[in-house]
>>> print(open('start.cif').read())   # mmCIF, N, CA and C atoms and all ligand atoms
data_final
#
loop_
_atom_site.label_atom_id
_atom_site.label_comp_id
_atom_site.auth_asym_id
_atom_site.auth_seq_id
_atom_site.Cartn_x
_atom_site.Cartn_y
_atom_site.Cartn_z
N MET Y 1 -75.89 37.81 -74.80
CA MET Y 1 -75.51 38.57 -76.02
C MET Y 1 -76.71 39.38 -76.51
N VAL Y 2 -76.52 40.66 -76.65
CA VAL Y 2 -77.60 41.53 -77.10
C VAL Y 2 -77.21 42.11 -78.45
N CYS Y 3 -78.15 42.05 -79.39
CA CYS Y 3 -77.83 42.58 -80.71
C CYS Y 3 -77.77 44.11 -80.68
N GLU Y 4 -77.04 44.70 -81.61
CA GLU Y 4 -76.82 46.15 -81.61
C GLU Y 4 -78.10 46.95 -81.73
N GLN Y 5 -79.00 46.45 -82.56
CA GLN Y 5 -80.25 47.17 -82.79
C GLN Y 5 -81.04 47.27 -81.48
N PHE Y 6 -81.07 46.19 -80.75
CA PHE Y 6 -81.78 46.17 -79.48
C PHE Y 6 -81.16 47.16 -78.50
N GLU Y 7 -79.85 47.21 -78.50
CA GLU Y 7 -79.15 48.15 -77.62
C GLU Y 7 -79.51 49.59 -77.97
N GLU Y 8 -79.61 49.88 -79.25
CA GLU Y 8 -79.98 51.23 -79.69
C GLU Y 8 -81.37 51.60 -79.18
N VAL Y 9 -82.31 50.68 -79.31
CA VAL Y 9 -83.67 50.92 -78.84
C VAL Y 9 -83.66 51.16 -77.34
N MET Y 10 -82.90 50.35 -76.63
CA MET Y 10 -82.81 50.50 -75.19
C MET Y 10 -82.27 51.87 -74.80
N LYS Y 11 -81.24 52.31 -75.48
CA LYS Y 11 -80.63 53.60 -75.18
C LYS Y 11 -81.63 54.73 -75.38
N GLU Y 12 -82.35 54.66 -76.49
CA GLU Y 12 -83.34 55.68 -76.81
C GLU Y 12 -84.43 55.70 -75.73
N THR Y 13 -84.91 54.53 -75.33
CA THR Y 13 -85.95 54.46 -74.32
C THR Y 13 -85.43 54.96 -72.97
N THR Y 14 -84.21 54.55 -72.64
CA THR Y 14 -83.61 55.00 -71.38
C THR Y 14 -83.50 56.52 -71.35
N ARG Y 15 -83.10 57.09 -72.47
CA ARG Y 15 -82.97 58.55 -72.57
C ARG Y 15 -84.31 59.22 -72.32
N LYS Y 16 -85.37 58.63 -72.90
CA LYS Y 16 -86.71 59.20 -72.72
C LYS Y 16 -87.17 59.12 -71.26
N TRP Y 17 -86.86 57.99 -70.63
CA TRP Y 17 -87.22 57.85 -69.22
C TRP Y 17 -86.50 58.89 -68.39
N LEU Y 18 -85.23 59.08 -68.70
CA LEU Y 18 -84.44 60.06 -67.95
C LEU Y 18 -85.01 61.46 -68.10
N SER Y 19 -85.34 61.85 -69.34
CA SER Y 19 -85.86 63.20 -69.54
C SER Y 19 -87.25 63.34 -68.92
N ALA Y 20 -88.03 62.25 -68.92
CA ALA Y 20 -89.33 62.28 -68.24
C ALA Y 20 -89.14 62.53 -66.76
N GLY Y 21 -88.16 61.85 -66.18
CA GLY Y 21 -87.86 62.01 -64.76
C GLY Y 21 -87.43 63.43 -64.43
N ILE Y 22 -86.63 64.01 -65.30
CA ILE Y 22 -86.14 65.38 -65.08
C ILE Y 22 -87.31 66.36 -65.19
N SER Y 23 -88.13 66.20 -66.23
CA SER Y 23 -89.28 67.09 -66.41
C SER Y 23 -90.21 67.04 -65.21
N LEU Y 24 -90.48 65.82 -64.74
CA LEU Y 24 -91.41 65.64 -63.62
C LEU Y 24 -90.82 66.11 -62.29
N SER Y 25 -89.50 66.12 -62.19
CA SER Y 25 -88.90 66.60 -60.95
C SER Y 25 -89.02 68.11 -60.86
N LYS Y 26 -89.15 68.75 -62.03
CA LYS Y 26 -89.32 70.21 -62.05
C LYS Y 26 -90.77 70.58 -61.78
N ASP Y 27 -91.69 69.83 -62.39
CA ASP Y 27 -93.11 70.13 -62.24
C ASP Y 27 -93.91 68.83 -62.30
N LYS Y 28 -94.39 68.43 -61.13
CA LYS Y 28 -95.10 67.15 -61.03
C LYS Y 28 -96.46 67.14 -61.72
N SER Y 29 -96.98 68.34 -62.03
CA SER Y 29 -98.33 68.39 -62.59
C SER Y 29 -98.34 68.24 -64.11
N ILE Y 30 -97.16 68.25 -64.72
CA ILE Y 30 -97.15 68.13 -66.18
C ILE Y 30 -97.47 66.70 -66.60
N ILE Y 31 -97.97 66.59 -67.83
CA ILE Y 31 -98.30 65.27 -68.36
C ILE Y 31 -97.17 64.82 -69.27
N VAL Y 32 -96.61 63.67 -68.92
CA VAL Y 32 -95.49 63.13 -69.70
C VAL Y 32 -95.93 61.81 -70.33
N ALA Y 33 -95.73 61.70 -71.62
CA ALA Y 33 -96.11 60.47 -72.32
C ALA Y 33 -95.17 59.33 -71.93
N CYS Y 34 -95.73 58.14 -71.86
CA CYS Y 34 -94.95 56.95 -71.53
C CYS Y 34 -93.88 56.70 -72.60
N PRO Y 35 -92.62 56.56 -72.19
CA PRO Y 35 -91.55 56.31 -73.16
C PRO Y 35 -91.68 54.95 -73.85
N ASP Y 36 -92.37 54.02 -73.21
CA ASP Y 36 -92.49 52.68 -73.80
C ASP Y 36 -93.59 52.60 -74.85
N CYS Y 37 -94.82 52.93 -74.48
CA CYS Y 37 -95.93 52.78 -75.42
C CYS Y 37 -96.29 54.10 -76.09
N GLU Y 38 -95.85 55.21 -75.51
CA GLU Y 38 -96.10 56.56 -76.05
C GLU Y 38 -97.58 56.89 -76.15
N GLU Y 39 -98.41 56.14 -75.44
CA GLU Y 39 -99.85 56.42 -75.44
C GLU Y 39 -100.33 56.77 -74.03
N GLY Y 40 -99.82 56.04 -73.06
CA GLY Y 40 -100.21 56.31 -71.68
C GLY Y 40 -99.47 57.52 -71.14
N THR Y 41 -99.85 57.92 -69.93
CA THR Y 41 -99.11 58.99 -69.27
C THR Y 41 -98.51 58.45 -67.98
N LEU Y 42 -97.45 59.09 -67.56
CA LEU Y 42 -96.74 58.60 -66.39
C LEU Y 42 -97.32 59.14 -65.09
N MET Y 43 -97.54 58.23 -64.15
CA MET Y 43 -97.97 58.61 -62.81
C MET Y 43 -96.74 58.57 -61.91
N ILE Y 44 -96.78 59.36 -60.86
CA ILE Y 44 -95.65 59.41 -59.92
C ILE Y 44 -96.04 58.84 -58.58
N LYS Y 45 -95.15 58.07 -58.03
CA LYS Y 45 -95.36 57.57 -56.67
C LYS Y 45 -94.02 57.69 -55.94
N ASP Y 46 -94.02 58.42 -54.84
CA ASP Y 46 -92.78 58.59 -54.07
C ASP Y 46 -92.76 57.68 -52.86
N GLU Y 47 -91.67 56.96 -52.71
CA GLU Y 47 -91.48 56.12 -51.53
C GLU Y 47 -90.29 56.66 -50.76
N PRO Y 48 -90.48 56.93 -49.47
CA PRO Y 48 -89.35 57.44 -48.68
C PRO Y 48 -88.22 56.41 -48.61
N ILE Y 49 -87.00 56.89 -48.59
CA ILE Y 49 -85.85 56.01 -48.41
C ILE Y 49 -85.47 56.07 -46.94
N MET Y 50 -85.49 54.92 -46.30
CA MET Y 50 -85.29 54.86 -44.85
C MET Y 50 -84.03 55.57 -44.36
N ASP Y 51 -82.91 55.28 -44.98
CA ASP Y 51 -81.65 55.81 -44.43
C ASP Y 51 -81.17 57.08 -45.13
N ARG Y 52 -82.04 57.67 -45.96
CA ARG Y 52 -81.63 58.92 -46.61
C ARG Y 52 -82.73 59.96 -46.42
N LYS Y 53 -82.58 60.72 -45.37
CA LYS Y 53 -83.58 61.71 -45.00
C LYS Y 53 -83.74 62.76 -46.11
N GLY Y 54 -84.99 63.09 -46.41
CA GLY Y 54 -85.26 64.11 -47.42
C GLY Y 54 -85.20 63.60 -48.85
N LYS Y 55 -84.86 62.31 -48.99
CA LYS Y 55 -84.79 61.74 -50.34
C LYS Y 55 -85.87 60.67 -50.50
N VAL Y 56 -86.32 60.51 -51.72
CA VAL Y 56 -87.32 59.49 -51.99
C VAL Y 56 -86.92 58.66 -53.20
N GLU Y 57 -87.52 57.49 -53.26
CA GLU Y 57 -87.41 56.69 -54.47
C GLU Y 57 -88.64 57.03 -55.27
N ARG Y 58 -88.46 57.64 -56.44
CA ARG Y 58 -89.60 58.09 -57.24
C ARG Y 58 -89.92 57.08 -58.32
N TRP Y 59 -91.16 56.58 -58.27
CA TRP Y 59 -91.61 55.62 -59.27
C TRP Y 59 -92.37 56.36 -60.35
N LEU Y 60 -92.03 56.07 -61.60
CA LEU Y 60 -92.78 56.59 -62.74
C LEU Y 60 -93.48 55.38 -63.35
N ILE Y 61 -94.80 55.42 -63.35
CA ILE Y 61 -95.57 54.26 -63.80
C ILE Y 61 -96.54 54.67 -64.91
N CYS Y 62 -96.54 53.93 -66.00
CA CYS Y 62 -97.45 54.22 -67.10
C CYS Y 62 -98.86 53.73 -66.74
N ASP Y 63 -99.86 54.60 -66.99
CA ASP Y 63 -101.23 54.21 -66.64
C ASP Y 63 -101.87 53.34 -67.73
N LYS Y 64 -101.15 53.13 -68.81
CA LYS Y 64 -101.72 52.32 -69.89
C LYS Y 64 -101.05 50.94 -70.02
N CYS Y 65 -99.74 50.94 -70.23
CA CYS Y 65 -99.07 49.65 -70.45
C CYS Y 65 -98.42 49.10 -69.19
N GLY Y 66 -98.33 49.92 -68.14
CA GLY Y 66 -97.78 49.43 -66.87
C GLY Y 66 -96.26 49.47 -66.79
N ALA Y 67 -95.61 50.02 -67.82
CA ALA Y 67 -94.16 50.14 -67.76
C ALA Y 67 -93.77 51.06 -66.60
N TRP Y 68 -92.63 50.81 -66.00
CA TRP Y 68 -92.22 51.65 -64.88
C TRP Y 68 -90.72 51.79 -64.81
N ASN Y 69 -90.31 52.82 -64.11
CA ASN Y 69 -88.91 53.06 -63.83
C ASN Y 69 -88.83 53.76 -62.50
N THR Y 70 -87.71 53.65 -61.84
CA THR Y 70 -87.55 54.37 -60.57
C THR Y 70 -86.35 55.28 -60.65
N ILE Y 71 -86.47 56.39 -59.94
CA ILE Y 71 -85.34 57.31 -59.80
C ILE Y 71 -84.97 57.29 -58.32
N LEU Y 72 -83.80 56.81 -58.03
CA LEU Y 72 -83.39 56.71 -56.64
C LEU Y 72 -82.73 58.02 -56.20
N GLY Y 73 -83.18 58.51 -55.05
CA GLY Y 73 -82.55 59.70 -54.50
C GLY Y 73 -83.12 61.01 -54.98
N ALA Y 74 -84.38 60.99 -55.47
CA ALA Y 74 -85.05 62.24 -55.82
C ALA Y 74 -85.32 63.02 -54.54
N ASP Y 75 -85.42 64.34 -54.67
CA ASP Y 75 -85.69 65.16 -53.49
C ASP Y 75 -87.14 65.02 -53.06
N ALA Y 76 -87.35 64.82 -51.77
CA ALA Y 76 -88.70 64.76 -51.24
C ALA Y 76 -89.34 66.13 -51.29
N GLU Y 77 -90.64 66.14 -51.31
CA GLU Y 77 -91.37 67.42 -51.35
C GLU Y 77 -91.24 68.13 -50.01
ZN ZN E 101 -96.91 52.90 -71.47
#
>>> encode(input="start.cif", output="structure tokens", more="lines below")
Ligand SMILES: [Zn+2]
Amino acid sequence: MVCEQFEEVMKETTRKWLSAGISLSKDKSIIVACPDCEEGTLMIKDEPIMDRKGKVERWLICDKCGAWNTILGADAE
């Protein structure tokens, strides 16, 4: 059971992660603030997906608090 307030916070954070992912997919050199701590910046790490040629699993990792998220199926460079 999750309280409503917690769900709201989660939605807001999820939205920020999503927009960070979209911004970084357009331009990898931009600096995006961490959606969790809002102090660190997100680093990108791409891992190839074995059975999906040309696609990668993109990791967004905060250099300060260590929060992370992955985007599955991002386009490889
Ligand atoms: Zn952070």
>>> closest_atom_pairs(input="start.cif", of="chain Y", to="ligand ZN 101 (chain E)", cutoff="6.5 Å", atoms="all atoms listed in the file", output="Markdown table")
| residue | atom | partner | partner_atom | distance |
| --- | --- | --- | --- | --- |
| Y:Cys34 | CA | E:ZN101 | ZN | 4.5 |
| Y:Pro35 | N | E:ZN101 | ZN | 5.7 |
| Y:Asp36 | C | E:ZN101 | ZN | 4.7 |
| Y:Cys37 | N | E:ZN101 | ZN | 3.7 |
| Y:Glu38 | N | E:ZN101 | ZN | 4.8 |
| Y:Glu39 | N | E:ZN101 | ZN | 5.3 |
| Y:Gly40 | N | E:ZN101 | ZN | 4.6 |
| Y:Thr41 | N | E:ZN101 | ZN | 6.0 |
| Y:Cys62 | CA | E:ZN101 | ZN | 4.6 |
| Y:Asp63 | N | E:ZN101 | ZN | 5.6 |
| Y:Lys64 | C | E:ZN101 | ZN | 4.8 |
| Y:Cys65 | N | E:ZN101 | ZN | 3.7 |
| Y:Gly66 | N | E:ZN101 | ZN | 4.7 |
| Y:Ala67 | N | E:ZN101 | ZN | 4.8 |
>>> closest_residue(input="start.cif", among="Y:Glu57, Y:Asp46, Y:Ala20, Y:Phe6", to="Ile71 in chain Y", atoms="all atoms listed in the file")
Y:Glu57
>>> residues_around(input="start.cif", residues="Ala76 in chain Y", least_positions_apart="6", cutoff="7 Å", atoms="all atoms listed in the file", output="CSV table (one decimal) with N, CA and C atoms, keeping the file's coordinate frame")
chain,number,residue,atom,x,y,z
Y,54,GLY,N,-85.0,63.1,-46.4
Y,54,GLY,CA,-85.3,64.1,-47.4
Y,54,GLY,C,-85.2,63.6,-48.8
Y,55,LYS,N,-84.9,62.3,-49.0
Y,55,LYS,CA,-84.8,61.7,-50.3
Y,55,LYS,C,-85.9,60.7,-50.5
Y,56,VAL,N,-86.3,60.5,-51.7
Y,56,VAL,CA,-87.3,59.5,-52.0
Y,56,VAL,C,-86.9,58.7,-53.2
>>> closest_residue(input="start.cif", among="Y:Ile22, Y:Cys3, Y:Val9, Y:Ile61", to="Leu42 in chain Y", atoms="only C-alpha atoms")
Y:Ile61
>>> atom_distance(input="start.cif", atom1="CA of Leu72 in chain Y", atom2="CA of Trp59 in chain Y")
8.7 Å
>>> atom_distance(input="start.cif", atom1="atom C of Glu47 in chain Y", atom2="atom N of Glu12 in chain Y")
27.0 Å
>>> select_by_dssp(input="start.cif", residues="chain Y", states="strand (DSSP E or B)", output="mmCIF file with N, CA and C atoms, in the frame of the given file")
data_model
loop_
_atom_site.group_PDB
_atom_site.id
_atom_site.type_symbol
_atom_site.label_atom_id
_atom_site.label_comp_id
_atom_site.auth_asym_id
_atom_site.auth_seq_id
_atom_site.Cartn_x
_atom_site.Cartn_y
_atom_site.Cartn_z
ATOM 1 N N ALA Y 33 -95.730 61.700 -71.620
ATOM 2 C CA ALA Y 33 -96.110 60.470 -72.320
ATOM 3 C C ALA Y 33 -95.170 59.330 -71.930
ATOM 4 N N THR Y 41 -99.850 57.920 -69.930
ATOM 5 C CA THR Y 41 -99.110 58.990 -69.270
ATOM 6 C C THR Y 41 -98.510 58.450 -67.980
ATOM 7 N N LEU Y 42 -97.450 59.090 -67.560
ATOM 8 C CA LEU Y 42 -96.740 58.600 -66.390
ATOM 9 C C LEU Y 42 -97.320 59.140 -65.090
ATOM 10 N N MET Y 43 -97.540 58.230 -64.150
ATOM 11 C CA MET Y 43 -97.970 58.610 -62.810
ATOM 12 C C MET Y 43 -96.740 58.570 -61.910
ATOM 13 N N ILE Y 44 -96.780 59.360 -60.860
ATOM 14 C CA ILE Y 44 -95.650 59.410 -59.920
ATOM 15 C C ILE Y 44 -96.040 58.840 -58.580
ATOM 16 N N LYS Y 45 -95.150 58.070 -58.030
ATOM 17 C CA LYS Y 45 -95.360 57.570 -56.670
ATOM 18 C C LYS Y 45 -94.020 57.690 -55.940
ATOM 19 N N ASP Y 46 -94.020 58.420 -54.840
ATOM 20 C CA ASP Y 46 -92.780 58.590 -54.070
ATOM 21 C C ASP Y 46 -92.760 57.680 -52.860
ATOM 22 N N GLU Y 47 -91.670 56.960 -52.710
ATOM 23 C CA GLU Y 47 -91.480 56.120 -51.530
ATOM 24 C C GLU Y 47 -90.290 56.660 -50.760
ATOM 25 N N PRO Y 48 -90.480 56.930 -49.470
ATOM 26 C CA PRO Y 48 -89.350 57.440 -48.680
ATOM 27 C C PRO Y 48 -88.220 56.410 -48.610
ATOM 28 N N LYS Y 55 -84.860 62.310 -48.990
ATOM 29 C CA LYS Y 55 -84.790 61.740 -50.340
ATOM 30 C C LYS Y 55 -85.870 60.670 -50.500
ATOM 31 N N VAL Y 56 -86.320 60.510 -51.720
ATOM 32 C CA VAL Y 56 -87.320 59.490 -51.990
ATOM 33 C C VAL Y 56 -86.920 58.660 -53.200
ATOM 34 N N GLU Y 57 -87.520 57.490 -53.260
ATOM 35 C CA GLU Y 57 -87.410 56.690 -54.470
ATOM 36 C C GLU Y 57 -88.640 57.030 -55.270
ATOM 37 N N ARG Y 58 -88.460 57.640 -56.440
ATOM 38 C CA ARG Y 58 -89.600 58.090 -57.240
ATOM 39 C C ARG Y 58 -89.920 57.080 -58.320
ATOM 40 N N TRP Y 59 -91.160 56.580 -58.270
ATOM 41 C CA TRP Y 59 -91.610 55.620 -59.270
ATOM 42 C C TRP Y 59 -92.370 56.360 -60.350
ATOM 43 N N LEU Y 60 -92.030 56.070 -61.600
ATOM 44 C CA LEU Y 60 -92.780 56.590 -62.740
ATOM 45 C C LEU Y 60 -93.480 55.380 -63.350
ATOM 46 N N ILE Y 61 -94.800 55.420 -63.350
ATOM 47 C CA ILE Y 61 -95.570 54.260 -63.800
ATOM 48 C C ILE Y 61 -96.540 54.670 -64.910
ATOM 49 N N CYS Y 62 -96.540 53.930 -66.000
ATOM 50 C CA CYS Y 62 -97.450 54.220 -67.100
ATOM 51 C C CYS Y 62 -98.860 53.730 -66.740
ATOM 52 N N TRP Y 68 -92.630 50.810 -66.000
ATOM 53 C CA TRP Y 68 -92.220 51.650 -64.880
ATOM 54 C C TRP Y 68 -90.720 51.790 -64.810
ATOM 55 N N ASN Y 69 -90.310 52.820 -64.110
ATOM 56 C CA ASN Y 69 -88.910 53.060 -63.830
ATOM 57 C C ASN Y 69 -88.830 53.760 -62.500
ATOM 58 N N THR Y 70 -87.710 53.650 -61.840
ATOM 59 C CA THR Y 70 -87.550 54.370 -60.570
ATOM 60 C C THR Y 70 -86.350 55.280 -60.650
ATOM 61 N N ILE Y 71 -86.470 56.390 -59.940
ATOM 62 C CA ILE Y 71 -85.340 57.310 -59.800
ATOM 63 C C ILE Y 71 -84.970 57.290 -58.320
ATOM 64 N N LEU Y 72 -83.800 56.810 -58.030
ATOM 65 C CA LEU Y 72 -83.390 56.710 -56.640
ATOM 66 C C LEU Y 72 -82.730 58.020 -56.200
ATOM 67 N N GLY Y 73 -83.180 58.510 -55.050
ATOM 68 C CA GLY Y 73 -82.550 59.700 -54.500
ATOM 69 C C GLY Y 73 -83.120 61.010 -54.980
ATOM 70 N N ALA Y 74 -84.380 60.990 -55.470
ATOM 71 C CA ALA Y 74 -85.050 62.240 -55.820
ATOM 72 C C ALA Y 74 -85.320 63.020 -54.540
ATOM 73 N N ASP Y 75 -85.420 64.340 -54.670
ATOM 74 C CA ASP Y 75 -85.690 65.160 -53.490
ATOM 75 C C ASP Y 75 -87.140 65.020 -53.060
#
>>> residues_near_point(input="start.cif", point="(-92.1, 61.2, -66.0)", cutoff="7 Å", atoms="all atoms listed in the file", output="list in words")
Trp17, Ser19, Ala20, Gly21, Ile22, Ser23, Leu24, Ser25, Val32, Ala33, Leu42, Met43, Leu60 and Ile61 of chain Y
>>> atom_distance(input="start.cif", atom1="CA of Ile30 in chain Y", atom2="CA of Gly73 in chain Y")
20.5 Å
>>> decode(input="start.cif", residues="chain Y", atoms="C-alpha atoms", output="PDB file, in the first residue's frame")
ATOM      1  CA  MET Y   1       0.000   0.000   0.000  1.00  0.00           C
ATOM      2  CA  VAL Y   2       1.458   3.314  -1.076  1.00  0.00           C
ATOM      3  CA  CYS Y   3       0.137   6.588   0.235  1.00  0.00           C
ATOM      4  CA  GLU Y   4      -1.120   9.159  -2.284  1.00  0.00           C
ATOM      5  CA  GLN Y   5       1.491  11.744  -1.436  1.00  0.00           C
ATOM      6  CA  PHE Y   6       4.282   9.282  -2.122  1.00  0.00           C
ATOM      7  CA  GLU Y   7       2.718   8.389  -5.448  1.00  0.00           C
ATOM      8  CA  GLU Y   8       2.624  12.071  -6.415  1.00  0.00           C
ATOM      9  CA  VAL Y   9       6.317  12.473  -5.622  1.00  0.00           C
ATOM     10  CA  MET Y  10       7.098   9.363  -7.623  1.00  0.00           C
ATOM     11  CA  LYS Y  11       5.173  10.629 -10.637  1.00  0.00           C
ATOM     12  CA  GLU Y  12       6.952  13.968 -10.546  1.00  0.00           C
ATOM     13  CA  THR Y  13      10.360  12.288 -10.291  1.00  0.00           C
ATOM     14  CA  THR Y  14       9.506   9.815 -13.044  1.00  0.00           C
ATOM     15  CA  ARG Y  15       8.457  12.703 -15.280  1.00  0.00           C
ATOM     16  CA  LYS Y  16      11.787  14.438 -14.650  1.00  0.00           C
ATOM     17  CA  TRP Y  17      13.735  11.282 -15.460  1.00  0.00           C
ATOM     18  CA  LEU Y  18      11.785  10.905 -18.674  1.00  0.00           C
ATOM     19  CA  SER Y  19      12.432  14.473 -19.789  1.00  0.00           C
ATOM     20  CA  ALA Y  20      16.108  14.100 -18.842  1.00  0.00           C
ATOM     21  CA  GLY Y  21      16.269  11.015 -21.041  1.00  0.00           C
ATOM     22  CA  ILE Y  22      14.622  12.828 -23.935  1.00  0.00           C
ATOM     23  CA  SER Y  23      16.907  15.865 -23.615  1.00  0.00           C
ATOM     24  CA  LEU Y  24      20.006  13.678 -23.493  1.00  0.00           C
ATOM     25  CA  SER Y  25      18.895  11.595 -26.462  1.00  0.00           C
ATOM     26  CA  LYS Y  26      18.846  14.802 -28.505  1.00  0.00           C
ATOM     27  CA  ASP Y  27      22.188  16.110 -27.266  1.00  0.00           C
ATOM     28  CA  LYS Y  28      24.473  14.013 -25.102  1.00  0.00           C
ATOM     29  CA  SER Y  29      26.742  16.939 -24.258  1.00  0.00           C
ATOM     30  CA  ILE Y  30      24.133  18.905 -22.343  1.00  0.00           C
ATOM     31  CA  ILE Y  31      24.203  18.989 -18.563  1.00  0.00           C
ATOM     32  CA  VAL Y  32      21.065  17.658 -16.938  1.00  0.00           C
ATOM     33  CA  ALA Y  33      20.470  17.996 -13.218  1.00  0.00           C
ATOM     34  CA  CYS Y  34      19.710  14.832 -11.279  1.00  0.00           C
ATOM     35  CA  PRO Y  35      15.935  14.462 -10.810  1.00  0.00           C
ATOM     36  CA  ASP Y  36      16.464  12.910  -7.381  1.00  0.00           C
ATOM     37  CA  CYS Y  37      18.881  15.219  -5.562  1.00  0.00           C
ATOM     38  CA  GLU Y  38      18.818  18.119  -8.072  1.00  0.00           C
ATOM     39  CA  GLU Y  39      22.463  18.814  -7.263  1.00  0.00           C
ATOM     40  CA  GLY Y  40      24.393  16.227  -9.217  1.00  0.00           C
ATOM     41  CA  THR Y  41      24.467  15.893 -12.975  1.00  0.00           C
ATOM     42  CA  LEU Y  42      23.551  12.853 -14.982  1.00  0.00           C
ATOM     43  CA  MET Y  43      26.198  10.753 -16.686  1.00  0.00           C
ATOM     44  CA  ILE Y  44      25.350   8.494 -19.609  1.00  0.00           C
ATOM     45  CA  LYS Y  45      26.455   4.946 -20.119  1.00  0.00           C
ATOM     46  CA  ASP Y  46      25.249   2.944 -23.116  1.00  0.00           C
ATOM     47  CA  GLU Y  47      25.130  -0.830 -23.025  1.00  0.00           C
ATOM     48  CA  PRO Y  48      24.448  -2.679 -26.270  1.00  0.00           C
ATOM     49  CA  ILE Y  49      21.383  -4.909 -26.305  1.00  0.00           C
ATOM     50  CA  MET Y  50      22.381  -8.312 -27.606  1.00  0.00           C
ATOM     51  CA  ASP Y  51      19.280  -9.176 -29.605  1.00  0.00           C
ATOM     52  CA  ARG Y  52      18.373  -5.679 -30.768  1.00  0.00           C
ATOM     53  CA  LYS Y  53      20.855  -4.402 -33.285  1.00  0.00           C
ATOM     54  CA  GLY Y  54      21.364  -0.635 -33.286  1.00  0.00           C
ATOM     55  CA  LYS Y  55      19.668  -0.255 -29.924  1.00  0.00           C
ATOM     56  CA  VAL Y  56      21.217   0.289 -26.538  1.00  0.00           C
ATOM     57  CA  GLU Y  57      20.198   0.276 -22.936  1.00  0.00           C
ATOM     58  CA  ARG Y  58      21.007   3.813 -21.817  1.00  0.00           C
ATOM     59  CA  TRP Y  59      21.930   4.312 -18.188  1.00  0.00           C
ATOM     60  CA  LEU Y  60      21.509   7.739 -16.625  1.00  0.00           C
ATOM     61  CA  ILE Y  61      23.546   7.904 -13.436  1.00  0.00           C
ATOM     62  CA  CYS Y  62      23.839  10.799 -11.000  1.00  0.00           C
ATOM     63  CA  ASP Y  63      27.450  11.697 -10.191  1.00  0.00           C
ATOM     64  CA  LYS Y  64      26.472  12.923  -6.740  1.00  0.00           C
ATOM     65  CA  CYS Y  65      23.814  10.765  -5.108  1.00  0.00           C
ATOM     66  CA  GLY Y  66      24.174   7.702  -7.342  1.00  0.00           C
ATOM     67  CA  ALA Y  67      20.528   7.602  -8.400  1.00  0.00           C
ATOM     68  CA  TRP Y  68      20.028   5.922 -11.754  1.00  0.00           C
ATOM     69  CA  ASN Y  69      17.506   5.005 -14.371  1.00  0.00           C
ATOM     70  CA  THR Y  70      17.690   3.122 -17.619  1.00  0.00           C
ATOM     71  CA  ILE Y  71      16.060   3.734 -20.952  1.00  0.00           C
ATOM     72  CA  LEU Y  72      15.637   0.508 -22.840  1.00  0.00           C
ATOM     73  CA  GLY Y  73      15.830   0.638 -26.603  1.00  0.00           C
ATOM     74  CA  ALA Y  74      17.553   3.994 -27.109  1.00  0.00           C
ATOM     75  CA  ASP Y  75      19.173   4.424 -30.509  1.00  0.00           C
ATOM     76  CA  ALA Y  76      22.853   3.561 -30.642  1.00  0.00           C
ATOM     77  CA  GLU Y  77      25.247   6.194 -31.884  1.00  0.00           C
TER      78      GLU Y  77
END
